[in-house]
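Participant: Below is start_38.txt; it holds compact mmCIF, C-alpha atoms.
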```txt
# COMPACT_ATOMS: atom_id res chain seq x y z
CA MET A 1 0.00 0.00 0.00
CA LYS A 2 1.30 3.48 -0.88
CA THR A 3 1.45 5.80 2.09
CA TYR A 4 -0.99 8.27 0.55
CA GLU A 5 -3.57 5.47 0.42
CA ILE A 6 -3.96 5.81 4.20
CA LEU A 7 -5.73 9.11 3.52
CA SER A 8 -9.52 9.13 3.52
CA PRO A 9 -11.10 9.86 0.12
CA THR A 10 -11.89 13.38 1.32
CA ASP A 11 -8.34 14.00 2.52
CA LEU A 12 -6.91 12.62 -0.70
CA GLU A 13 -9.22 14.86 -2.68
CA ARG A 14 -8.00 17.87 -0.66
CA LEU A 15 -4.38 16.92 -1.32
CA VAL A 16 -4.95 16.50 -5.07
CA ASP A 17 -6.82 19.80 -5.14
CA ALA A 18 -3.95 21.55 -3.33
CA LEU A 19 -1.31 20.05 -5.62
CA LYS A 20 -3.20 21.04 -8.73
CA GLY A 21 -3.78 24.53 -7.38
CA LEU A 22 -0.10 25.04 -6.62
CA ARG A 23 0.98 23.65 -9.99
CA GLU A 24 -1.40 25.95 -11.79
CA LYS A 25 -0.48 29.16 -9.97
CA VAL A 26 1.64 30.15 -6.99
CA GLN A 27 -0.66 32.00 -4.59
CA TRP A 28 0.41 33.72 -1.37
CA LYS A 29 -1.43 34.95 1.67
CA HIS A 30 -1.98 38.69 1.42
CA GLY A 31 1.34 40.56 1.33
CA LYS A 32 3.45 37.51 2.13
CA ASP A 33 5.03 37.17 -1.28
CA THR A 34 7.33 40.16 -0.83
CA SER A 35 8.29 39.36 2.77
CA HIS A 36 9.28 35.83 1.80
CA LEU A 37 11.16 37.05 -1.27
CA ASP A 38 13.02 39.63 0.82
CA LYS A 39 14.10 37.02 3.32
CA ARG A 40 15.26 34.62 0.57
CA ARG A 41 17.41 37.37 -0.93
CA ARG A 42 18.84 38.45 2.42
CA MET A 43 19.60 34.86 3.37
CA ARG A 44 21.38 34.42 0.01
CA HIS A 45 19.00 31.66 -1.03
CA LEU A 46 18.34 33.82 -4.08
CA GLU A 47 20.50 36.38 -5.81
CA PRO A 48 20.20 39.88 -4.26
CA ASP A 49 18.47 41.15 -7.40
CA ALA A 50 16.13 38.17 -7.85
CA GLY A 51 12.48 38.98 -8.37
CA LEU A 52 9.27 37.28 -7.37
CA GLU A 53 9.16 35.63 -10.79
CA GLU A 54 12.39 33.78 -10.07
CA TYR A 55 11.26 32.72 -6.60
CA GLU A 56 7.91 31.50 -7.89
CA GLY A 57 9.72 29.80 -10.78
CA ILE A 58 11.60 27.68 -8.25
CA ILE A 59 8.35 26.82 -6.46
CA SER A 60 6.68 25.86 -9.74
CA GLU A 61 9.68 23.79 -10.80
CA VAL A 62 9.56 21.83 -7.55
CA ALA A 63 5.78 21.40 -7.68
CA ASN A 64 5.68 20.36 -11.32
CA ASN A 65 8.31 17.65 -11.07
CA GLY A 66 6.20 14.52 -10.65
CA GLN A 67 9.18 12.60 -9.30
CA ASN A 68 9.35 14.83 -6.22
CA VAL A 69 7.80 13.52 -3.04
CA VAL A 70 5.00 15.08 -1.06
CA TYR A 71 4.53 15.06 2.72
CA LEU A 72 1.64 15.69 5.08
CA TYR A 73 1.88 17.76 8.26
CA LYS A 74 -1.11 18.03 10.54
CA ARG A 75 -1.67 20.93 12.91
CA ARG A 76 -4.87 20.27 14.83
CA GLU A 77 -7.55 20.31 12.12
CA VAL A 78 -5.36 22.01 9.53
CA ASP A 79 -3.47 20.02 6.91
CA TYR A 80 -0.27 21.35 5.41
CA TYR A 81 1.52 19.69 2.54
CA ALA A 82 5.18 19.86 1.66
CA ILE A 83 7.19 18.95 -1.41
CA GLN A 84 10.93 18.56 -1.38
CA GLY A 85 12.83 18.99 -4.60
CA GLU A 86 15.93 20.40 -6.19
CA ALA A 87 15.94 23.68 -8.07
CA HIS A 88 18.75 26.09 -8.89
CA GLY A 89 21.30 23.83 -7.20
CA ARG A 90 19.54 23.65 -3.83
CA LEU A 91 17.11 21.33 -2.10
CA TRP A 92 13.94 23.31 -1.44
CA LEU A 93 11.01 22.62 0.81
CA VAL A 94 7.74 24.04 -0.48
CA ILE A 95 5.02 24.10 2.17
CA PHE A 96 1.43 24.89 1.25
CA GLY A 97 -2.12 24.42 2.45
CA LEU A 98 -5.63 24.03 1.13
CA LYS A 99 -6.10 24.87 -2.56
CA GLY A 100 -2.31 25.17 -2.83
CA LEU A 101 -2.08 28.43 -0.88
CA MET A 102 1.59 29.04 -0.11
CA GLU A 103 2.87 28.86 3.46
CA THR A 104 6.57 29.14 2.66
CA ALA A 105 9.33 27.86 0.40
CA PHE A 106 12.89 27.71 1.69
CA PRO A 107 15.96 25.49 1.56
CA PRO A 108 16.49 24.07 5.07
CA ALA A 109 20.14 23.57 5.95
CA ASP A 110 19.44 19.92 6.79
CA LEU A 111 16.22 18.99 5.06
CA ASP A 112 15.92 15.36 6.20
CA ASP A 113 16.57 16.34 9.79
CA TYR A 114 14.05 19.16 9.52
CA LEU A 115 11.30 16.87 8.19
CA ASP A 116 12.03 14.24 10.79
CA ARG A 117 12.05 16.66 13.73
CA ARG A 118 8.77 18.28 12.66
CA GLY A 119 6.93 15.02 12.09
CA PHE A 120 6.17 15.36 8.37
CA VAL A 121 4.67 12.12 7.01
CA LEU A 122 5.83 10.93 3.61
CA LEU A 123 2.85 10.35 1.33
CA GLY A 124 4.48 9.44 -1.97
CA ARG A 125 5.60 10.80 -5.31
CA ILE A 126 3.51 13.58 -6.82
CA ASP A 127 2.83 11.63 -10.01
CA GLU A 128 1.56 8.68 -7.96
CA VAL A 129 -0.74 10.88 -5.93
CA LEU A 130 -2.13 12.59 -9.03
CA ARG A 131 -2.58 9.36 -10.99
CA MET B 1 33.89 30.91 6.50
CA LYS B 2 33.65 28.72 9.60
CA ARG B 3 30.46 26.74 10.13
CA VAL B 4 29.88 28.50 13.43
CA GLU B 5 30.09 31.89 11.71
CA GLN B 6 27.58 30.72 9.10
CA GLN B 7 25.22 29.65 11.86
CA ILE B 8 25.56 32.99 13.63
CA ASP B 9 25.01 34.86 10.35
CA TYR B 10 21.96 32.70 9.66
CA LEU B 11 20.48 33.37 13.10
CA TRP B 12 21.07 37.11 12.89
CA GLU B 13 19.54 37.44 9.44
CA ALA B 14 16.61 35.16 10.23
CA LEU B 15 15.81 37.32 13.26
CA GLN B 16 15.25 40.30 10.99
CA HIS B 17 12.29 38.54 9.33
CA PRO B 18 9.61 37.85 11.91
CA ASP B 19 6.88 38.16 9.29
CA VAL B 20 7.38 34.82 7.57
CA SER B 21 6.04 31.36 8.36
CA GLY B 22 6.41 29.67 11.74
CA PHE B 23 7.87 26.73 9.83
CA GLU B 24 10.96 28.84 9.18
CA MET B 25 11.13 29.92 12.80
CA LEU B 26 11.32 26.31 13.84
CA GLU B 27 14.45 25.99 11.75
CA PHE B 28 15.86 28.99 13.62
CA LEU B 29 15.39 27.02 16.85
CA ASP B 30 17.11 23.99 15.28
CA VAL B 31 20.11 26.08 14.24
CA ARG B 32 20.30 27.79 17.65
CA SER B 33 20.48 24.33 19.23
CA LYS B 34 23.25 23.25 16.86
CA LEU B 35 25.19 26.38 17.73
CA ALA B 36 24.72 25.70 21.44
CA ILE B 37 26.78 22.54 21.14
CA GLN B 38 29.72 24.66 20.06
CA GLU B 39 29.27 27.50 22.53
CA PRO B 40 32.25 26.57 24.73
CA LEU B 41 34.48 27.01 21.67
CA LEU B 42 33.22 30.44 20.60
CA SER B 43 35.55 33.41 20.47
CA GLN B 44 34.70 36.52 22.50
CA SER B 45 33.31 38.34 19.47
CA GLU B 46 31.24 35.32 18.43
CA ARG B 47 29.91 35.05 21.96
CA SER B 48 28.91 38.73 21.90
CA ARG B 49 27.03 38.22 18.65
CA VAL B 50 25.17 35.22 20.06
CA GLU B 51 24.23 37.26 23.13
CA ALA B 52 22.87 40.00 20.88
CA ILE B 53 20.87 37.41 18.94
CA ASP B 54 19.44 35.95 22.12
CA ARG B 55 18.50 39.41 23.43
CA GLN B 56 16.67 40.33 20.22
CA PHE B 57 15.01 36.93 20.10
CA LEU B 58 13.71 37.39 23.64
CA ARG B 59 12.50 40.92 22.93
CA ASN B 60 10.40 39.62 20.04
CA ALA B 61 9.34 36.44 21.82
CA PRO B 62 5.58 37.10 21.66
CA VAL B 63 5.69 37.61 17.89
CA TRP B 64 7.79 34.51 17.34
CA LEU B 65 5.57 32.46 19.59
CA GLU B 66 2.47 33.56 17.71
CA ARG B 67 3.97 32.59 14.36
CA ILE B 68 5.17 29.25 15.67
CA ARG B 69 1.81 28.52 17.26
CA ASP B 70 0.15 29.02 13.87
CA VAL B 71 1.87 25.86 12.68
CA SER B 72 2.87 23.82 15.70
CA ASP B 73 2.54 23.07 19.36
CA LEU B 74 5.91 23.84 20.95
CA ALA B 75 5.49 21.29 23.74
CA ALA B 76 4.86 18.53 21.22
CA MET B 77 7.68 19.83 19.04
CA ARG B 78 10.11 19.68 21.97
CA GLN B 79 9.27 16.02 22.39
CA LYS B 80 9.52 15.20 18.69
CA ALA B 81 12.82 17.02 18.37
CA ARG B 82 14.20 15.54 21.61
CA VAL B 83 15.11 19.00 22.85
CA LEU B 84 17.56 19.38 25.74
CA PRO B 85 16.12 21.15 28.81
CA SER B 86 19.01 23.65 28.72
CA HIS B 87 17.93 24.90 25.27
CA TRP B 88 15.65 27.62 26.62
CA TRP B 89 14.74 29.03 23.18
CA TRP B 90 12.50 25.97 22.71
CA TYR B 91 10.48 27.03 25.77
CA LEU B 92 9.10 30.31 24.39
CA ASP B 93 5.59 29.28 25.38
CA GLU B 94 6.55 28.78 29.04
CA LEU B 95 8.84 31.83 29.16
CA THR B 96 6.14 34.06 27.75
CA GLN B 97 3.57 32.64 30.14
CA GLU B 98 5.90 33.24 33.11
CA ALA B 99 6.55 36.80 32.01
CA THR B 100 2.83 37.44 31.71
CA GLU B 101 2.23 36.08 35.19
CA VAL B 102 5.03 38.17 36.69
CA CYS B 103 3.66 41.31 35.03
CA ALA B 104 0.23 40.46 36.40
CA GLY B 105 1.69 40.09 39.89
CA ARG B 106 1.03 36.39 40.11
CA GLY B 107 4.68 35.32 39.91
```
Translate the structure of the given file into structure tokens.

Facilitator:
Amino acid sequence: MKTYEILSPTDLERLVDALKGLREKVQWKHGKDTSHLDKRRRMRHLEPDAGLEEYEGIISEVANNGQNVVYLYKRREVDYYAIQGEAHGRLWLVIFGLKGLMETAFPPADLDDYLDRRGFVLLGRIDEVLR
Amino acid sequence: MKRVEQQIDYLWEALQHPDVSGFEMLEFLDVRSKLAIQEPLLSQSERSRVEAIDRQFLRNAPVWLERIRDVSDLAAMRQKARVLPSHWWWYLDELTQEATEVCAGRG
């Protein structure tokens, strides 16, 4: 059994909906796009002159690679999803919620350790989930 | 650049961005814990920078706690991450609660 098959039909539908939403368009909570971009530039995760287009390009690249794996993180009644994938020479973690609304996208210094310590549950490859 | 300097730079820069996701703030706590292991080996100037980071972190504790609470329960996170009791930055919830009680004259 694939891990994502443990999800109820409703939860699986939510996940598929979120993945499709993110792959179609990167959407941020109000005003969060620029604050995240600013931090990525200041932390040297992006070039100092990088624009939102470049940042969102990385997010789209990670989300649209069907070989990348997706995780589930539960906070009370709220589900967050995360995809890890390589883009622009770094391993990124893209975290998003219902309908694909962005929570954050950053390259943790130790991604495996980060996922393990937070309790993210591996669901499977994106292309398997969307099949 | 030494790893410890990179960690200090990371912590300082991350502190300047309290308006991002609590998921990123949890990484700040991870990195602070990694740095703690090396604290006995820090130079005087590195130690001063860490003290400045800790001071600013404490000053903004309520904001950080709010962001972190949006995405996680710190008590549960301490357990999952097997946090050492001496790593006080993981106890923002309890520190903030204590401060509130002291201010209210219940301490």

Participant: Need the neighbours of (15.7, 29.4, 12.7): which residues are at most 10 Å away, counting all atoms listed in the file, as a list in words?

Facilitator: Pro108 and Ala109 of chain A; Gln7, Tyr10, Leu11, Trp12, Glu13, Ala14, Leu15, Gly22, Phe23, Glu24, Met25, Leu26, Glu27, Phe28, Leu29, Asp30, Val31, Arg32 and Ser33 of chain B

Participant: Any idea which chain B residues end up within 7 Å of chain A if we count only C-alpha atoms, as a PyMOL selection string please?

Facilitator: chain B and resi 13+17+19-21+71-72+77+80-81

Participant: Take atom CA of A:Arg90 and atom CA of A:Glu54 and report the distance between them in Å, one decimal.

Facilitator: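 Separation between atom CA of A:Arg90 and atom CA of A:Glu54: 13.9 Å.
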
Participant: How far is it from atom CA of B:Asp73 to atom CA of B:Thr96, in Å with one decimal?

Facilitator: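 Between atom CA of B:Asp73 and atom CA of B:Thr96 the gap works out to 14.3 Å.
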
Participant: What is the distance between atom CA of A:Leu7 and atom CA of A:Val26, in Å to one decimal?

Facilitator: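 These two atoms are separated by 24.6 Å.
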
Participant: Using only C-alpha atoms for the distances, tell me which of B:Gln6, B:Ile53, B:Tyr91, B:Trp64 is nearest to B:Ala76.

Facilitator: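 The closest residue to B:Ala76 is B:Tyr91.
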
Participant: Residues at most 9 Å from B:Leu65, counting only C-alpha atoms, excluding those fewer than 3 positions away in the same chain, as a PDB file with C-alpha atoms, in the coordinates of the input?

Facilitator:
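Everything below was put into result03.pdb:
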```
ATOM      1  CA  GLY B  22       6.410  29.670  11.740  1.00  0.00           C
ATOM      2  CA  ASN B  60      10.400  39.620  20.040  1.00  0.00           C
ATOM      3  CA  ALA B  61       9.340  36.440  21.820  1.00  0.00           C
ATOM      4  CA  PRO B  62       5.580  37.100  21.660  1.00  0.00           C
ATOM      5  CA  ILE B  68       5.170  29.250  15.670  1.00  0.00           C
ATOM      6  CA  ARG B  69       1.810  28.520  17.260  1.00  0.00           C
ATOM      7  CA  ASP B  70       0.150  29.020  13.870  1.00  0.00           C
ATOM      8  CA  LEU B  74       5.910  23.840  20.950  1.00  0.00           C
ATOM      9  CA  LEU B  92       9.100  30.310  24.390  1.00  0.00           C
ATOM     10  CA  ASP B  93       5.590  29.280  25.380  1.00  0.00           C
ATOM     11  CA  THR B  96       6.140  34.060  27.750  1.00  0.00           C
TER      12      THR B  96
END
```

Participant: Leaving out A:Glu53 and any residue of its chain fewer than 3 positions from it, which residues lie within 12 Å of it when counting only C-alpha atoms, given as a CSV table (one decimal) with C-alpha atoms, in the frame of the given file?

Facilitator:
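Saved the output as part_24.csv:
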```csv
chain,number,residue,atom,x,y,z
A,25,LYS,CA,-0.5,29.2,-10.0
A,26,VAL,CA,1.6,30.2,-7.0
A,33,ASP,CA,5.0,37.2,-1.3
A,34,THR,CA,7.3,40.2,-0.8
A,37,LEU,CA,11.2,37.0,-1.3
A,46,LEU,CA,18.3,33.8,-4.1
A,49,ASP,CA,18.5,41.2,-7.4
A,50,ALA,CA,16.1,38.2,-7.8
A,56,GLU,CA,7.9,31.5,-7.9
A,57,GLY,CA,9.7,29.8,-10.8
A,58,ILE,CA,11.6,27.7,-8.2
A,59,ILE,CA,8.4,26.8,-6.5
A,60,SER,CA,6.7,25.9,-9.7
A,61,GLU,CA,9.7,23.8,-10.8
```

Participant: With distances taken over only C-alpha atoms, which of A:Ile83, A:Ala63, A:Val69, A:Leu12 is nearest to A:Glu24?

Facilitator: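 Selected residue with least distance to A:Glu24: A:Ala63.
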
Participant: Please identify all polymer residues within 12 Å of A:Val129, counting only C-alpha atoms, omitting same-chain residues fewer than 6 positions from it, and present them as a ChimeraX atom specification.

Facilitator: /A:2-7,11-20,66-71,122-123

Participant: For each of A:Glu47, A:Trp28, A:Gly124, A:Asn64, take the minimum atom-to-atom distance to A:His88, counting only C-alpha atoms, then give the residue where this is smallest.

Facilitator: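 Nearest to A:His88: A:Glu47.
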
Participant: Quick one: stretch 82-93 of chain B with all heavy atoms, as a PDB file, keeping the file's coordinate frame?

Facilitator:
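Writing done, so here's part_38.pdb:
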```pdb
ATOM      1  N   ARG B  82      13.333  15.990  20.499  1.00  0.00           N
ATOM      2  CA  ARG B  82      14.200  15.540  21.610  1.00  0.00           C
ATOM      3  C   ARG B  82      15.092  16.689  22.103  1.00  0.00           C
ATOM      4  O   ARG B  82      16.312  16.598  22.157  1.00  0.00           O
ATOM      5  CB  ARG B  82      15.045  14.343  21.160  1.00  0.00           C
ATOM      6  CG  ARG B  82      14.198  13.140  20.746  1.00  0.00           C
ATOM      7  CD  ARG B  82      14.996  12.041  20.115  1.00  0.00           C
ATOM      8  NE  ARG B  82      15.487  12.381  18.788  1.00  0.00           N
ATOM      9  CZ  ARG B  82      14.759  12.311  17.680  1.00  0.00           C
ATOM     10  NH1 ARG B  82      13.499  11.917  17.726  1.00  0.00           N
ATOM     11  NH2 ARG B  82      15.276  12.634  16.516  1.00  0.00           N
ATOM     12  N   VAL B  83      14.418  17.763  22.456  1.00  0.00           N
ATOM     13  CA  VAL B  83      15.110  19.000  22.850  1.00  0.00           C
ATOM     14  C   VAL B  83      15.713  18.880  24.257  1.00  0.00           C
ATOM     15  O   VAL B  83      15.078  18.342  25.162  1.00  0.00           O
ATOM     16  CB  VAL B  83      14.111  20.176  22.813  1.00  0.00           C
ATOM     17  CG1 VAL B  83      14.655  21.398  23.507  1.00  0.00           C
ATOM     18  CG2 VAL B  83      13.739  20.491  21.378  1.00  0.00           C
ATOM     19  N   LEU B  84      16.925  19.384  24.418  1.00  0.00           N
ATOM     20  CA  LEU B  84      17.560  19.380  25.740  1.00  0.00           C
ATOM     21  C   LEU B  84      16.910  20.456  26.635  1.00  0.00           C
ATOM     22  O   LEU B  84      16.602  21.545  26.157  1.00  0.00           O
ATOM     23  CB  LEU B  84      19.058  19.686  25.613  1.00  0.00           C
ATOM     24  CG  LEU B  84      19.893  18.646  24.865  1.00  0.00           C
ATOM     25  CD1 LEU B  84      21.318  19.153  24.681  1.00  0.00           C
ATOM     26  CD2 LEU B  84      19.893  17.317  25.618  1.00  0.00           C
ATOM     27  N   PRO B  85      16.746  20.168  27.909  1.00  0.00           N
ATOM     28  CA  PRO B  85      16.120  21.150  28.810  1.00  0.00           C
ATOM     29  C   PRO B  85      16.896  22.469  28.886  1.00  0.00           C
ATOM     30  O   PRO B  85      16.316  23.515  29.147  1.00  0.00           O
ATOM     31  CB  PRO B  85      16.125  20.449  30.171  1.00  0.00           C
ATOM     32  CG  PRO B  85      16.278  19.008  29.860  1.00  0.00           C
ATOM     33  CD  PRO B  85      17.042  18.908  28.572  1.00  0.00           C
ATOM     34  N   SER B  86      18.197  22.418  28.640  1.00  0.00           N
ATOM     35  CA  SER B  86      19.010  23.650  28.720  1.00  0.00           C
ATOM     36  C   SER B  86      18.799  24.570  27.513  1.00  0.00           C
ATOM     37  O   SER B  86      19.214  25.729  27.542  1.00  0.00           O
ATOM     38  CB  SER B  86      20.488  23.300  28.839  1.00  0.00           C
ATOM     39  OG  SER B  86      20.880  22.499  27.752  1.00  0.00           O
ATOM     40  N   HIS B  87      18.135  24.088  26.474  1.00  0.00           N
ATOM     41  CA  HIS B  87      17.930  24.900  25.270  1.00  0.00           C
ATOM     42  C   HIS B  87      16.654  25.732  25.430  1.00  0.00           C
ATOM     43  O   HIS B  87      15.597  25.432  24.886  1.00  0.00           O
ATOM     44  CB  HIS B  87      17.871  24.002  24.029  1.00  0.00           C
ATOM     45  CG  HIS B  87      19.191  23.388  23.692  1.00  0.00           C
ATOM     46  ND1 HIS B  87      19.425  22.645  22.552  1.00  0.00           N
ATOM     47  CD2 HIS B  87      20.377  23.402  24.370  1.00  0.00           C
ATOM     48  CE1 HIS B  87      20.689  22.245  22.540  1.00  0.00           C
ATOM     49  NE2 HIS B  87      21.285  22.676  23.625  1.00  0.00           N
ATOM     50  N   TRP B  88      16.799  26.830  26.176  1.00  0.00           N
ATOM     51  CA  TRP B  88      15.650  27.620  26.620  1.00  0.00           C
ATOM     52  C   TRP B  88      14.824  28.200  25.484  1.00  0.00           C
ATOM     53  O   TRP B  88      13.637  28.482  25.654  1.00  0.00           O
ATOM     54  CB  TRP B  88      16.119  28.732  27.559  1.00  0.00           C
ATOM     55  CG  TRP B  88      17.146  29.655  26.957  1.00  0.00           C
ATOM     56  CD1 TRP B  88      18.494  29.570  27.085  1.00  0.00           C
ATOM     57  CD2 TRP B  88      16.904  30.781  26.107  1.00  0.00           C
ATOM     58  NE1 TRP B  88      19.108  30.562  26.368  1.00  0.00           N
ATOM     59  CE2 TRP B  88      18.150  31.330  25.760  1.00  0.00           C
ATOM     60  CE3 TRP B  88      15.750  31.382  25.601  1.00  0.00           C
ATOM     61  CZ2 TRP B  88      18.291  32.430  24.938  1.00  0.00           C
ATOM     62  CZ3 TRP B  88      15.877  32.500  24.774  1.00  0.00           C
ATOM     63  CH2 TRP B  88      17.137  33.008  24.451  1.00  0.00           C
ATOM     64  N   TRP B  89      15.447  28.414  24.312  1.00  0.00           N
ATOM     65  CA  TRP B  89      14.740  29.030  23.180  1.00  0.00           C
ATOM     66  C   TRP B  89      13.579  28.141  22.700  1.00  0.00           C
ATOM     67  O   TRP B  89      12.679  28.622  22.036  1.00  0.00           O
ATOM     68  CB  TRP B  89      15.703  29.328  22.025  1.00  0.00           C
ATOM     69  CG  TRP B  89      16.687  28.226  21.777  1.00  0.00           C
ATOM     70  CD1 TRP B  89      16.550  27.180  20.913  1.00  0.00           C
ATOM     71  CD2 TRP B  89      17.938  28.063  22.439  1.00  0.00           C
ATOM     72  NE1 TRP B  89      17.648  26.365  20.987  1.00  0.00           N
ATOM     73  CE2 TRP B  89      18.525  26.883  21.906  1.00  0.00           C
ATOM     74  CE3 TRP B  89      18.645  28.779  23.411  1.00  0.00           C
ATOM     75  CZ2 TRP B  89      19.771  26.414  22.339  1.00  0.00           C
ATOM     76  CZ3 TRP B  89      19.880  28.302  23.828  1.00  0.00           C
ATOM     77  CH2 TRP B  89      20.431  27.146  23.302  1.00  0.00           C
ATOM     78  N   TRP B  90      13.604  26.867  23.064  1.00  0.00           N
ATOM     79  CA  TRP B  90      12.500  25.970  22.710  1.00  0.00           C
ATOM     80  C   TRP B  90      11.327  26.111  23.685  1.00  0.00           C
ATOM     81  O   TRP B  90      10.295  25.473  23.512  1.00  0.00           O
ATOM     82  CB  TRP B  90      12.973  24.521  22.701  1.00  0.00           C
ATOM     83  CG  TRP B  90      13.707  24.139  21.447  1.00  0.00           C
ATOM     84  CD1 TRP B  90      15.058  24.060  21.263  1.00  0.00           C
ATOM     85  CD2 TRP B  90      13.135  23.783  20.189  1.00  0.00           C
ATOM     86  NE1 TRP B  90      15.351  23.689  19.975  1.00  0.00           N
ATOM     87  CE2 TRP B  90      14.191  23.516  19.297  1.00  0.00           C
ATOM     88  CE3 TRP B  90      11.809  23.691  19.722  1.00  0.00           C
ATOM     89  CZ2 TRP B  90      13.974  23.138  17.969  1.00  0.00           C
ATOM     90  CZ3 TRP B  90      11.597  23.306  18.402  1.00  0.00           C
ATOM     91  CH2 TRP B  90      12.680  23.039  17.544  1.00  0.00           C
ATOM     92  N   TYR B  91      11.509  26.912  24.733  1.00  0.00           N
ATOM     93  CA  TYR B  91      10.480  27.030  25.770  1.00  0.00           C
ATOM     94  C   TYR B  91       9.803  28.401  25.745  1.00  0.00           C
ATOM     95  O   TYR B  91       9.416  28.924  26.776  1.00  0.00           O
ATOM     96  CB  TYR B  91      11.101  26.747  27.151  1.00  0.00           C
ATOM     97  CG  TYR B  91      11.553  25.307  27.288  1.00  0.00           C
ATOM     98  CD1 TYR B  91      12.768  24.890  26.772  1.00  0.00           C
ATOM     99  CD2 TYR B  91      10.738  24.365  27.905  1.00  0.00           C
ATOM    100  CE1 TYR B  91      13.177  23.560  26.864  1.00  0.00           C
ATOM    101  CE2 TYR B  91      11.134  23.035  28.004  1.00  0.00           C
ATOM    102  CZ  TYR B  91      12.359  22.644  27.482  1.00  0.00           C
ATOM    103  OH  TYR B  91      12.743  21.336  27.576  1.00  0.00           O
ATOM    104  N   LEU B  92       9.699  28.975  24.533  1.00  0.00           N
ATOM    105  CA  LEU B  92       9.100  30.310  24.390  1.00  0.00           C
ATOM    106  C   LEU B  92       7.705  30.368  25.003  1.00  0.00           C
ATOM    107  O   LEU B  92       7.338  31.383  25.587  1.00  0.00           O
ATOM    108  CB  LEU B  92       8.972  30.647  22.905  1.00  0.00           C
ATOM    109  CG  LEU B  92      10.096  31.401  22.224  1.00  0.00           C
ATOM    110  CD1 LEU B  92       9.645  31.822  20.841  1.00  0.00           C
ATOM    111  CD2 LEU B  92      10.530  32.600  23.052  1.00  0.00           C
ATOM    112  N   ASP B  93       6.949  29.295  24.844  1.00  0.00           N
ATOM    113  CA  ASP B  93       5.590  29.280  25.380  1.00  0.00           C
ATOM    114  C   ASP B  93       5.616  29.444  26.900  1.00  0.00           C
ATOM    115  O   ASP B  93       4.865  30.236  27.470  1.00  0.00           O
ATOM    116  CB  ASP B  93       4.845  27.995  24.979  1.00  0.00           C
ATOM    117  CG  ASP B  93       5.662  26.733  25.216  1.00  0.00           C
ATOM    118  OD1 ASP B  93       6.875  26.834  25.493  1.00  0.00           O
ATOM    119  OD2 ASP B  93       5.081  25.634  25.140  1.00  0.00           O
TER     120      ASP B  93
END
```
